[in-house]
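Source file: start_25.txt. Holds: compact mmCIF, C-alpha atoms.
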# COMPACT_ATOMS: atom_id res chain seq x y z
CA MET A 187 -5.32 38.26 22.63
CA VAL A 188 -4.96 34.49 22.70
CA GLU A 189 -3.53 32.79 25.82
CA THR A 190 0.06 31.65 25.11
CA TYR A 191 0.69 29.89 28.45
CA GLY A 192 3.95 31.69 29.14
CA LEU A 193 5.46 31.20 25.69
CA THR A 194 7.34 34.22 24.37
CA ARG A 195 7.12 35.45 20.78
CA ASP A 196 10.51 33.87 20.03
CA GLN A 197 9.29 30.53 21.40
CA LEU A 198 6.09 30.73 19.35
CA LEU A 199 8.16 31.32 16.21
CA ASP A 200 10.42 28.46 17.28
CA ILE A 201 7.39 26.17 17.41
CA GLU A 202 6.37 27.42 13.97
CA TYR A 203 9.85 26.51 12.71
CA TYR A 204 9.52 22.94 13.99
CA LEU A 205 6.02 22.59 12.54
CA ARG A 206 7.21 23.67 9.10
CA LEU A 207 10.40 21.61 9.40
CA THR A 208 8.37 18.49 10.18
CA ARG A 209 5.94 18.91 7.32
CA SER A 210 8.56 19.94 4.75
CA LEU A 211 10.97 17.18 5.76
CA GLU A 212 8.27 14.54 5.33
CA GLU A 213 7.34 16.04 1.96
CA ARG A 214 10.98 15.68 0.93
CA VAL A 215 11.01 12.06 2.08
CA VAL A 216 7.91 11.45 -0.08
CA ALA A 217 9.79 12.83 -3.09
CA LEU A 218 12.74 10.55 -2.34
CA PHE A 219 10.36 7.61 -1.87
CA ARG A 220 8.96 8.19 -5.36
CA GLN A 221 12.52 8.24 -6.70
CA ALA A 222 13.08 4.80 -5.12
CA LYS A 223 15.72 6.26 -2.80
CA VAL A 224 13.86 5.32 0.39
CA ILE A 225 14.34 1.80 1.72
CA GLY A 226 11.24 0.32 3.34
CA GLY A 227 7.96 2.03 4.22
CA LEU A 228 7.09 5.66 4.72
CA TYR A 229 4.72 6.68 7.52
CA ARG A 230 3.64 10.31 7.45
CA SER A 231 2.34 12.51 10.24
CA LEU A 232 0.40 14.84 7.93
CA GLY A 233 -2.32 16.43 10.05
CA GLN A 234 -0.72 15.33 13.34
CA GLU A 235 2.39 17.52 13.40
CA GLY A 236 0.89 19.97 15.87
CA GLU A 237 0.46 17.66 18.84
CA SER A 238 3.82 16.01 18.28
CA VAL A 239 5.80 19.26 18.22
CA ALA A 240 3.78 20.94 21.00
CA ALA A 241 4.06 18.03 23.42
CA ALA A 242 7.81 17.63 22.96
CA TYR A 243 8.29 21.39 23.32
CA ALA A 244 6.81 21.21 26.83
CA LEU A 245 9.73 19.13 28.15
CA ASP A 246 12.92 20.41 29.76
CA TYR A 247 15.81 18.58 28.10
CA LYS A 248 18.38 20.26 30.37
CA GLN A 249 16.71 18.37 33.23
CA GLY A 250 17.23 15.11 31.34
CA ASP A 251 13.64 14.70 30.10
CA VAL A 252 13.15 11.91 27.55
CA VAL A 253 10.76 11.48 24.61
CA GLN A 254 9.72 8.09 23.24
CA PRO A 255 8.35 8.57 19.71
CA LEU A 256 6.28 6.44 17.37
CA ILE A 257 6.61 6.47 13.59
CA ARG A 258 4.41 9.56 13.30
CA ASN A 259 6.35 11.65 15.82
CA VAL A 260 9.07 13.12 13.61
CA GLY A 261 8.15 16.52 15.03
CA ALA A 262 8.85 15.35 18.57
CA ILE A 263 12.32 14.01 17.85
CA LEU A 264 13.27 17.14 15.88
CA VAL A 265 12.38 19.21 18.94
CA ALA A 266 14.34 16.77 21.12
CA GLY A 267 17.51 17.08 19.04
CA ALA A 268 17.27 14.90 15.92
CA LYS A 269 18.86 16.35 12.79
CA PRO A 270 17.10 16.28 9.38
CA VAL A 271 20.17 14.73 7.77
CA ASP A 272 20.08 11.80 10.20
CA ILE A 273 16.39 11.19 9.49
CA LEU A 274 17.05 11.30 5.73
CA ARG A 275 20.03 8.95 6.05
CA GLN A 276 17.87 6.56 8.07
CA TYR A 277 15.14 6.49 5.42
CA MET A 278 17.77 5.97 2.73
CA ALA A 279 19.55 3.25 4.78
CA LYS A 280 22.94 4.92 4.42
CA GLY A 281 26.08 3.52 6.00
CA ASN A 282 26.59 6.65 8.11
CA SER A 283 23.00 6.79 9.33
CA PRO A 284 22.53 6.51 13.11
CA THR A 285 21.98 2.74 12.76
CA ARG A 286 24.45 2.24 9.88
CA GLY A 287 21.64 1.20 7.56
CA ARG A 288 20.39 -1.61 9.78
CA GLU A 289 17.15 0.07 10.81
CA LEU A 290 14.68 2.32 9.03
CA ASN A 291 12.66 5.57 9.33
CA ILE A 292 12.91 6.97 12.87
CA HIS A 293 13.84 3.73 14.63
CA PHE A 294 16.96 5.26 16.16
CA GLY A 295 18.08 7.26 19.14
CA ASN A 296 21.16 8.44 20.99
CA PRO A 297 20.20 9.08 24.63
CA GLN A 298 23.69 10.37 25.39
CA THR A 299 23.30 13.38 23.10
CA ASP A 300 19.59 13.73 22.32
CA GLY A 301 16.41 13.85 24.36
CA PHE A 302 14.73 10.84 22.78
CA ILE A 303 15.15 7.08 22.63
CA GLY A 304 14.67 4.67 19.74
CA GLN A 305 11.30 3.01 19.43
CA ILE A 306 10.37 -0.61 18.86
CA SER A 307 7.58 -1.71 16.55
CA MET A 308 5.55 -3.74 19.04
CA LEU A 309 2.97 -1.11 19.90
CA GLY A 310 2.34 -0.79 23.61
CA ASP A 311 5.70 -2.24 24.60
CA MET A 312 7.36 1.16 24.87
CA ILE A 313 5.11 2.12 27.78
CA PRO A 314 6.74 -0.37 30.19
CA VAL A 315 10.13 0.65 28.74
CA MET A 316 9.41 4.28 29.57
CA ALA A 317 8.18 3.23 33.01
CA GLY A 318 11.56 1.61 33.49
CA ILE A 319 13.42 4.71 32.31
CA THR A 320 11.53 6.99 34.68
CA LEU A 321 12.01 4.52 37.55
CA ALA A 322 15.74 4.39 36.81
CA GLY A 323 15.82 8.19 36.78
CA ARG A 324 14.23 8.26 40.22
CA MET A 325 16.67 5.67 41.57
CA GLN A 326 19.57 7.75 40.23
CA LYS A 327 18.18 10.84 41.98
CA LYS A 328 17.45 12.56 38.67
CA ASN A 329 14.49 14.86 38.23
CA LEU A 330 13.64 13.77 34.71
CA VAL A 331 10.19 13.27 33.17
CA GLY A 332 9.36 10.75 30.46
CA LEU A 333 6.96 11.48 27.59
CA ALA A 334 5.61 8.47 25.68
CA PHE A 335 3.37 8.39 22.62
CA ILE A 336 0.91 5.60 21.86
CA GLY A 337 -1.81 5.26 19.25
CA ASP A 338 -5.50 4.56 19.86
CA GLY A 339 -5.01 0.95 18.75
CA GLY A 340 -1.83 0.53 20.77
CA SER A 341 -3.70 1.60 23.90
CA SER A 342 -5.71 -1.65 23.64
CA THR A 343 -2.65 -3.89 23.96
CA GLY A 344 -1.75 -5.81 27.08
CA ALA A 345 1.72 -4.28 27.32
CA PHE A 346 0.20 -0.78 27.44
CA TRP A 347 -2.04 -1.76 30.37
CA GLU A 348 0.73 -3.47 32.28
CA GLY A 349 3.10 -0.54 31.80
CA MET A 350 0.47 2.04 32.76
CA ASN A 351 -0.54 0.08 35.83
CA PHE A 352 3.06 -0.27 37.04
CA ALA A 353 3.88 3.39 36.37
CA SER A 354 0.74 4.56 38.15
CA VAL A 355 1.26 2.36 41.21
CA GLN A 356 4.84 3.63 41.49
CA ARG A 357 3.72 7.24 40.82
CA LEU A 358 6.44 7.56 38.21
CA PRO A 359 7.09 10.88 36.44
CA LEU A 360 5.55 9.76 33.16
CA VAL A 361 3.25 11.49 30.66
CA VAL A 362 1.57 9.21 28.12
CA ILE A 363 -0.08 10.74 25.07
CA ILE A 364 -2.70 8.67 23.27
CA GLU A 365 -3.01 9.89 19.69
CA ASP A 366 -6.64 9.31 18.77
CA ASN A 367 -6.32 9.79 15.02
CA GLY A 368 -9.53 7.95 14.23
CA TYR A 369 -8.13 4.67 12.96
CA ALA A 370 -5.93 1.86 14.27
CA TYR A 371 -4.52 1.21 10.79
CA SER A 372 -7.92 0.74 9.07
CA THR A 373 -10.05 -0.06 12.13
CA PRO A 374 -12.15 2.85 13.43
CA THR A 375 -11.53 3.66 17.08
CA TRP A 376 -15.13 2.86 18.06
CA LYS A 377 -14.68 -0.68 16.75
CA GLN A 378 -11.72 -1.45 19.00
CA SER A 379 -12.55 0.41 22.22
CA ALA A 380 -15.85 0.85 24.09
CA ALA A 381 -14.46 3.64 26.26
CA ARG A 382 -16.38 6.92 26.09
CA THR A 383 -13.05 8.67 25.56
CA LEU A 384 -9.60 7.10 25.57
CA ALA A 385 -8.67 9.39 28.46
CA ASP A 386 -11.24 7.48 30.54
CA LYS A 387 -8.82 4.55 30.56
CA ALA A 388 -7.00 6.52 33.25
CA TYR A 389 -9.70 5.47 35.71
CA ALA A 390 -8.44 1.88 35.50
CA PHE A 391 -4.98 2.97 36.65
CA GLY A 392 -5.91 5.66 39.16
CA CYS A 393 -3.91 8.28 37.30
CA THR A 394 -4.87 11.67 35.89
CA GLY A 395 -6.65 11.65 32.52
CA GLU A 396 -7.43 14.53 30.17
CA THR A 397 -8.66 15.02 26.59
CA VAL A 398 -7.45 17.90 24.43
CA ASP A 399 -7.86 19.13 20.86
CA GLY A 400 -4.75 17.65 19.23
CA ASN A 401 -4.82 20.13 16.34
CA ASP A 402 -4.68 23.11 18.69
CA VAL A 403 -0.94 23.53 19.23
CA LEU A 404 -1.24 25.83 22.23
CA ALA A 405 -3.85 23.63 23.93
CA VAL A 406 -1.59 20.57 23.59
CA TYR A 407 1.40 22.52 24.88
CA ASP A 408 -0.57 23.73 27.90
CA ALA A 409 -1.96 20.29 28.77
CA THR A 410 1.44 18.62 28.37
CA LYS A 411 3.24 21.32 30.34
CA ARG A 412 0.83 20.92 33.23
CA ALA A 413 1.25 17.14 33.08
CA VAL A 414 5.05 17.47 33.06
CA GLU A 415 4.99 19.81 36.06
CA ARG A 416 2.65 17.42 37.89
CA ALA A 417 4.97 14.49 37.17
CA ARG A 418 8.10 16.34 38.22
CA SER A 419 6.54 17.41 41.50
CA GLY A 420 5.58 13.85 42.44
CA GLY A 421 2.01 13.84 41.14
CA GLY A 422 2.47 10.67 39.12
CA VAL A 423 1.28 9.63 35.68
CA THR A 424 -0.94 11.60 33.31
CA LEU A 425 -2.78 9.95 30.41
CA LEU A 426 -3.38 12.68 27.85
CA GLU A 427 -5.67 11.93 24.91
CA VAL A 428 -5.15 14.18 21.89
CA LYS A 429 -7.92 14.24 19.30
CA THR A 430 -6.35 14.49 15.86
CA PHE A 431 -6.46 12.84 12.43
CA ARG A 432 -3.94 11.48 9.96
CA MET A 433 -4.52 12.91 6.51
CA LYS A 434 -2.71 10.06 4.80
CA GLY A 435 -3.07 6.30 4.98
CA HIS A 436 -1.23 4.17 7.50
CA ALA A 437 1.78 4.27 5.18
CA GLU A 438 2.55 5.70 1.75
CA HIS A 439 1.31 2.51 0.06
CA ASP A 440 -2.09 2.82 1.79
CA ASN A 441 -4.65 4.78 -0.26
CA GLN A 442 -6.91 5.37 2.79
CA ALA A 443 -9.94 4.02 0.90
CA TYR A 444 -11.54 2.93 4.20
CA VAL A 445 -11.94 6.58 5.33
CA PRO A 446 -15.02 8.51 4.10
CA LYS A 447 -13.93 11.39 1.83
CA GLU A 448 -16.15 13.86 3.68
CA LEU A 449 -14.35 13.03 6.95
CA ILE A 450 -11.00 13.82 5.38
CA GLU A 451 -12.35 17.15 4.12
CA GLN A 452 -13.66 18.01 7.59
CA TRP A 453 -10.25 17.48 9.12
CA ARG A 454 -8.45 19.28 6.30
CA GLU A 455 -10.14 22.45 7.57
CA LYS A 456 -8.52 21.82 10.98
CA ASP A 457 -4.93 21.62 9.67
CA PRO A 458 -2.80 22.28 12.78
CA VAL A 459 0.02 24.05 10.91
CA VAL A 460 -2.27 26.44 9.04
CA ARG A 461 -4.29 27.00 12.20
CA PHE A 462 -1.20 27.89 14.23
CA GLU A 463 0.10 30.26 11.57
CA ARG A 464 -3.27 31.99 11.37
CA MET A 465 -3.20 32.44 15.16
CA LEU A 466 0.29 33.97 15.00
CA ILE A 467 -0.71 36.49 12.36
CA GLU A 468 -4.12 37.40 13.78
CA ASN A 469 -2.65 38.05 17.25
CA GLY A 470 0.31 40.07 16.04
CA PHE A 471 3.02 37.54 16.91
CA ALA A 472 4.14 37.23 13.28
CA THR A 473 3.59 38.68 9.83
CA GLN A 474 3.21 36.76 6.61
CA GLU A 475 6.77 37.82 5.85
CA ASP A 476 7.93 36.13 9.07
CA ILE A 477 6.17 32.91 8.07
CA THR A 478 7.66 33.05 4.59
CA ALA A 479 11.14 33.60 6.04
CA ILE A 480 10.75 30.49 8.22
CA GLU A 481 9.60 28.46 5.21
CA GLN A 482 12.62 29.62 3.22
CA ARG A 483 14.96 28.79 6.10
CA VAL A 484 13.44 25.30 6.37
CA LYS A 485 13.79 24.73 2.62
CA ARG A 486 17.47 25.71 2.67
CA GLU A 487 18.20 23.40 5.59
CA ILE A 488 16.35 20.47 4.02
CA ASP A 489 18.06 21.02 0.65
CA ILE A 490 21.47 20.90 2.33
CA ALA A 491 20.51 17.84 4.38
CA THR A 492 19.16 16.06 1.29
CA ASP A 493 22.34 16.65 -0.71
CA GLU A 494 24.44 15.42 2.22
CA ALA A 495 22.30 12.31 2.75
CA ASP A 496 22.15 11.51 -0.97
CA ALA A 497 25.93 11.68 -1.21
CA SER A 498 26.42 9.47 1.84
CA PRO A 499 27.78 5.94 1.28
CA MET A 500 25.73 2.79 1.50
CA PRO A 501 26.62 0.28 4.25
CA THR A 502 29.52 -2.11 3.77
CA PRO A 503 29.39 -5.78 4.83
CA SER A 504 31.75 -5.07 7.74
CA ASP A 505 29.24 -2.56 9.17
CA ALA A 506 27.02 -5.50 10.15
CA ALA A 507 29.48 -6.42 12.91
CA LEU A 508 29.64 -2.94 14.45
CA GLY A 509 27.60 -1.74 17.39
CA LEU A 510 27.20 -5.25 18.79
CA PHE A 511 28.48 -7.24 21.75
CA ASP A 512 30.85 -10.03 20.80
CA GLY A 513 30.87 -13.51 22.31
CA ASP A 514 32.99 -12.38 25.22
CA GLY A 515 30.65 -9.52 26.06
CA TYR A 516 32.82 -6.74 24.65
CA TRP A 517 31.20 -3.86 22.75
CA ASN A 518 32.35 -3.70 19.13
CA ALA A 519 32.09 -0.01 18.20

Since I need it in another form, could you write the structure as structure tokens?
Amino acid sequence: MVETYGLTRDQLLDIEYYLRLTRSLEERVVALFRQAKVIGGLYRSLGQEGESVAAAYALDYKQGDVVQPLIRNVGAILVAGAKPVDILRQYMAKGNSPTRGRELNIHFGNPQTDGFIGQISMLGDMIPVMAGITLAGRMQKKNLVGLAFIGDGGSSTGAFWEGMNFASVQRLPLVVIIEDNGYAYSTPTWKQSAARTLADKAYAFGCTGETVDGNDVLAVYDATKRAVERARSGGGVTLLEVKTFRMKGHAEHDNQAYVPKELIEQWREKDPVVRFERMLIENGFATQEDITAIEQRVKREIDIATDEADASPMPTPSDAALGLFDGDGYWNA
């Protein structure tokens, strides 16, 4: 019997639900993109869903834990409370999307109701932001933990190093996951970092570092859970490197021609969703009928969310003035 690290059967099936929801939702967004209903770019997490869902599942949102996603962490924000209809409305730039059509993809967040915050595009900059959030939590006597995602390329930026150094010196309750998916856009990891592993960067900060198979859902959950418990008990920052691979280009317009075809085939055999489902069935946690039922549930939910998002209104000119501070400093809701 495989080690499940304290997860019950219901929790394992819950993780399976989020894995299938992530993949199916992104497949639906691709269909909408090809119908010209998506505004802006589309950045898929195909092949990376496992680490995103597993890591976010290791947090305790009742304690106030916070996730900071990147564009390939749809799975994480779904676990943290995002609704498929909001993600679809965002991609379609609808007037009743979380940002009223003024931002795109998953650049949104509502910390008052959900366990995640909106990201910014300057890679690396969210690490000092999350350091600030965890410091604020400590000052407010909260016992929250922050979970931040960064890519292999983003971990070479100055903001990443400054944020990690500050968080480590202050022993803040922060877990940082470096997604080593092989390429920083089109640049292979070995061409932009001389580190033996990206987890070795932890030595520079004096924090804990660990490398884990990012396509092994249970291994990522276990490593993240241990890091979260360490952070909550005062053990400081953990830099967790997850080895994974994106099976699509940087965005939908990118044909991934810079990646050798044989490498893609190698990673296709390591599909985290298929691998997790196989584990469930082989260890008696689920039957094929259980998996099929989850897939059907996900399809129904996404169909309903798609119809609702498609029928939603586009922004009006007056929406541009909402959600801003006016000249006198008053919030215009």

What is the distance between CA of Lys434 (chain A) and CA of Glu451 (chain A), in Å to one decimal? 12.0 Å

Which neighbours of Lys485 (chain A) fall inside 9 Å, counting all atoms listed in the file, when residues of the same chain fewer than 4 positions from it are skipped, and could you give them as JSON, numbers by chain? {"A": [207, 210, 211, 480, 481, 489, 490]}

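In terms of minimum interatomic distance to Val265 (chain A), A:Gly236 ranks closest within A:Gly236, A:Gly400, A:Pro284, A:Gly395, counting all atoms listed in the file.
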
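Put simply, CA of Ala437 (chain A) is 17.9 Å away from CA of Thr375 (chain A).
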
Identify, on the basis of all atoms listed in the file, every residue whose closest approach to Val406 (chain A) does not exceed 12 Å; exclude the query and any residue fewer than 3 positions from it along the same chain; express the result as a ChimeraX atom specification. /A:190-191,234-244,363-365,396-403,409-414,426-430,458,462

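Here CA of Gly339 (chain A) stands at a distance of 23.3 Å from CA of Ala405 (chain A).
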
Quick one: region 390-413 of chain A with N, CA and C atoms, as a PDB file, in the frame of the given file?
ATOM      1  N   ALA A 390      -8.878   3.244  35.176  1.00  0.00           N
ATOM      2  CA  ALA A 390      -8.440   1.880  35.500  1.00  0.00           C
ATOM      3  C   ALA A 390      -7.113   1.874  36.247  1.00  0.00           C
ATOM      4  N   PHE A 391      -6.311   2.920  36.047  1.00  0.00           N
ATOM      5  CA  PHE A 391      -4.980   2.970  36.650  1.00  0.00           C
ATOM      6  C   PHE A 391      -4.922   3.880  37.872  1.00  0.00           C
ATOM      7  N   GLY A 392      -5.936   4.714  38.054  1.00  0.00           N
ATOM      8  CA  GLY A 392      -5.910   5.660  39.160  1.00  0.00           C
ATOM      9  C   GLY A 392      -4.992   6.830  38.904  1.00  0.00           C
ATOM     10  N   CYS A 393      -4.760   7.137  37.631  1.00  0.00           N
ATOM     11  CA  CYS A 393      -3.910   8.280  37.300  1.00  0.00           C
ATOM     12  C   CYS A 393      -4.767   9.403  36.711  1.00  0.00           C
ATOM     13  N   THR A 394      -4.172  10.531  36.468  1.00  0.00           N
ATOM     14  CA  THR A 394      -4.870  11.670  35.890  1.00  0.00           C
ATOM     15  C   THR A 394      -5.126  11.422  34.400  1.00  0.00           C
ATOM     16  N   GLY A 395      -6.313  11.776  33.932  1.00  0.00           N
ATOM     17  CA  GLY A 395      -6.650  11.650  32.520  1.00  0.00           C
ATOM     18  C   GLY A 395      -7.234  12.948  31.997  1.00  0.00           C
ATOM     19  N   GLU A 396      -6.929  13.286  30.756  1.00  0.00           N
ATOM     20  CA  GLU A 396      -7.430  14.530  30.170  1.00  0.00           C
ATOM     21  C   GLU A 396      -7.515  14.369  28.649  1.00  0.00           C
ATOM     22  N   THR A 397      -8.507  14.997  28.039  1.00  0.00           N
ATOM     23  CA  THR A 397      -8.660  15.020  26.590  1.00  0.00           C
ATOM     24  C   THR A 397      -8.457  16.437  26.091  1.00  0.00           C
ATOM     25  N   VAL A 398      -7.734  16.579  24.977  1.00  0.00           N
ATOM     26  CA  VAL A 398      -7.450  17.900  24.430  1.00  0.00           C
ATOM     27  C   VAL A 398      -7.532  17.850  22.912  1.00  0.00           C
ATOM     28  N   ASP A 399      -7.834  18.989  22.313  1.00  0.00           N
ATOM     29  CA  ASP A 399      -7.860  19.130  20.860  1.00  0.00           C
ATOM     30  C   ASP A 399      -6.428  19.009  20.334  1.00  0.00           C
ATOM     31  N   GLY A 400      -6.113  17.905  19.676  1.00  0.00           N
ATOM     32  CA  GLY A 400      -4.750  17.650  19.230  1.00  0.00           C
ATOM     33  C   GLY A 400      -4.293  18.530  18.088  1.00  0.00           C
ATOM     34  N   ASN A 401      -5.203  19.233  17.430  1.00  0.00           N
ATOM     35  CA  ASN A 401      -4.820  20.130  16.340  1.00  0.00           C
ATOM     36  C   ASN A 401      -4.722  21.577  16.792  1.00  0.00           C
ATOM     37  N   ASP A 402      -4.891  21.800  18.093  1.00  0.00           N
ATOM     38  CA  ASP A 402      -4.680  23.110  18.690  1.00  0.00           C
ATOM     39  C   ASP A 402      -3.325  23.068  19.387  1.00  0.00           C
ATOM     40  N   VAL A 403      -2.322  23.627  18.737  1.00  0.00           N
ATOM     41  CA  VAL A 403      -0.940  23.530  19.230  1.00  0.00           C
ATOM     42  C   VAL A 403      -0.806  24.069  20.641  1.00  0.00           C
ATOM     43  N   LEU A 404      -1.378  25.223  20.911  1.00  0.00           N
ATOM     44  CA  LEU A 404      -1.240  25.830  22.230  1.00  0.00           C
ATOM     45  C   LEU A 404      -1.959  25.020  23.307  1.00  0.00           C
ATOM     46  N   ALA A 405      -3.114  24.444  22.962  1.00  0.00           N
ATOM     47  CA  ALA A 405      -3.850  23.630  23.930  1.00  0.00           C
ATOM     48  C   ALA A 405      -3.056  22.387  24.302  1.00  0.00           C
ATOM     49  N   VAL A 406      -2.407  21.759  23.313  1.00  0.00           N
ATOM     50  CA  VAL A 406      -1.590  20.570  23.590  1.00  0.00           C
ATOM     51  C   VAL A 406      -0.378  20.953  24.437  1.00  0.00           C
ATOM     52  N   TYR A 407       0.247  22.070  24.092  1.00  0.00           N
ATOM     53  CA  TYR A 407       1.400  22.520  24.880  1.00  0.00           C
ATOM     54  C   TYR A 407       1.000  22.737  26.333  1.00  0.00           C
ATOM     55  N   ASP A 408      -0.111  23.434  26.540  1.00  0.00           N
ATOM     56  CA  ASP A 408      -0.570  23.730  27.900  1.00  0.00           C
ATOM     57  C   ASP A 408      -0.859  22.449  28.677  1.00  0.00           C
ATOM     58  N   ALA A 409      -1.601  21.530  28.075  1.00  0.00           N
ATOM     59  CA  ALA A 409      -1.960  20.290  28.770  1.00  0.00           C
ATOM     60  C   ALA A 409      -0.719  19.463  29.097  1.00  0.00           C
ATOM     61  N   THR A 410       0.218  19.398  28.138  1.00  0.00           N
ATOM     62  CA  THR A 410       1.440  18.620  28.370  1.00  0.00           C
ATOM     63  C   THR A 410       2.311  19.290  29.425  1.00  0.00           C
ATOM     64  N   LYS A 411       2.418  20.603  29.371  1.00  0.00           N
ATOM     65  CA  LYS A 411       3.240  21.320  30.340  1.00  0.00           C
ATOM     66  C   LYS A 411       2.719  21.094  31.753  1.00  0.00           C
ATOM     67  N   ARG A 412       1.407  21.161  31.911  1.00  0.00           N
ATOM     68  CA  ARG A 412       0.830  20.920  33.230  1.00  0.00           C
ATOM     69  C   ARG A 412       1.088  19.484  33.687  1.00  0.00           C
ATOM     70  N   ALA A 413       0.999  18.543  32.751  1.00  0.00           N
ATOM     71  CA  ALA A 413       1.250  17.140  33.080  1.00  0.00           C
ATOM     72  C   ALA A 413       2.710  16.918  33.472  1.00  0.00           C
TER      73      ALA A 413
END
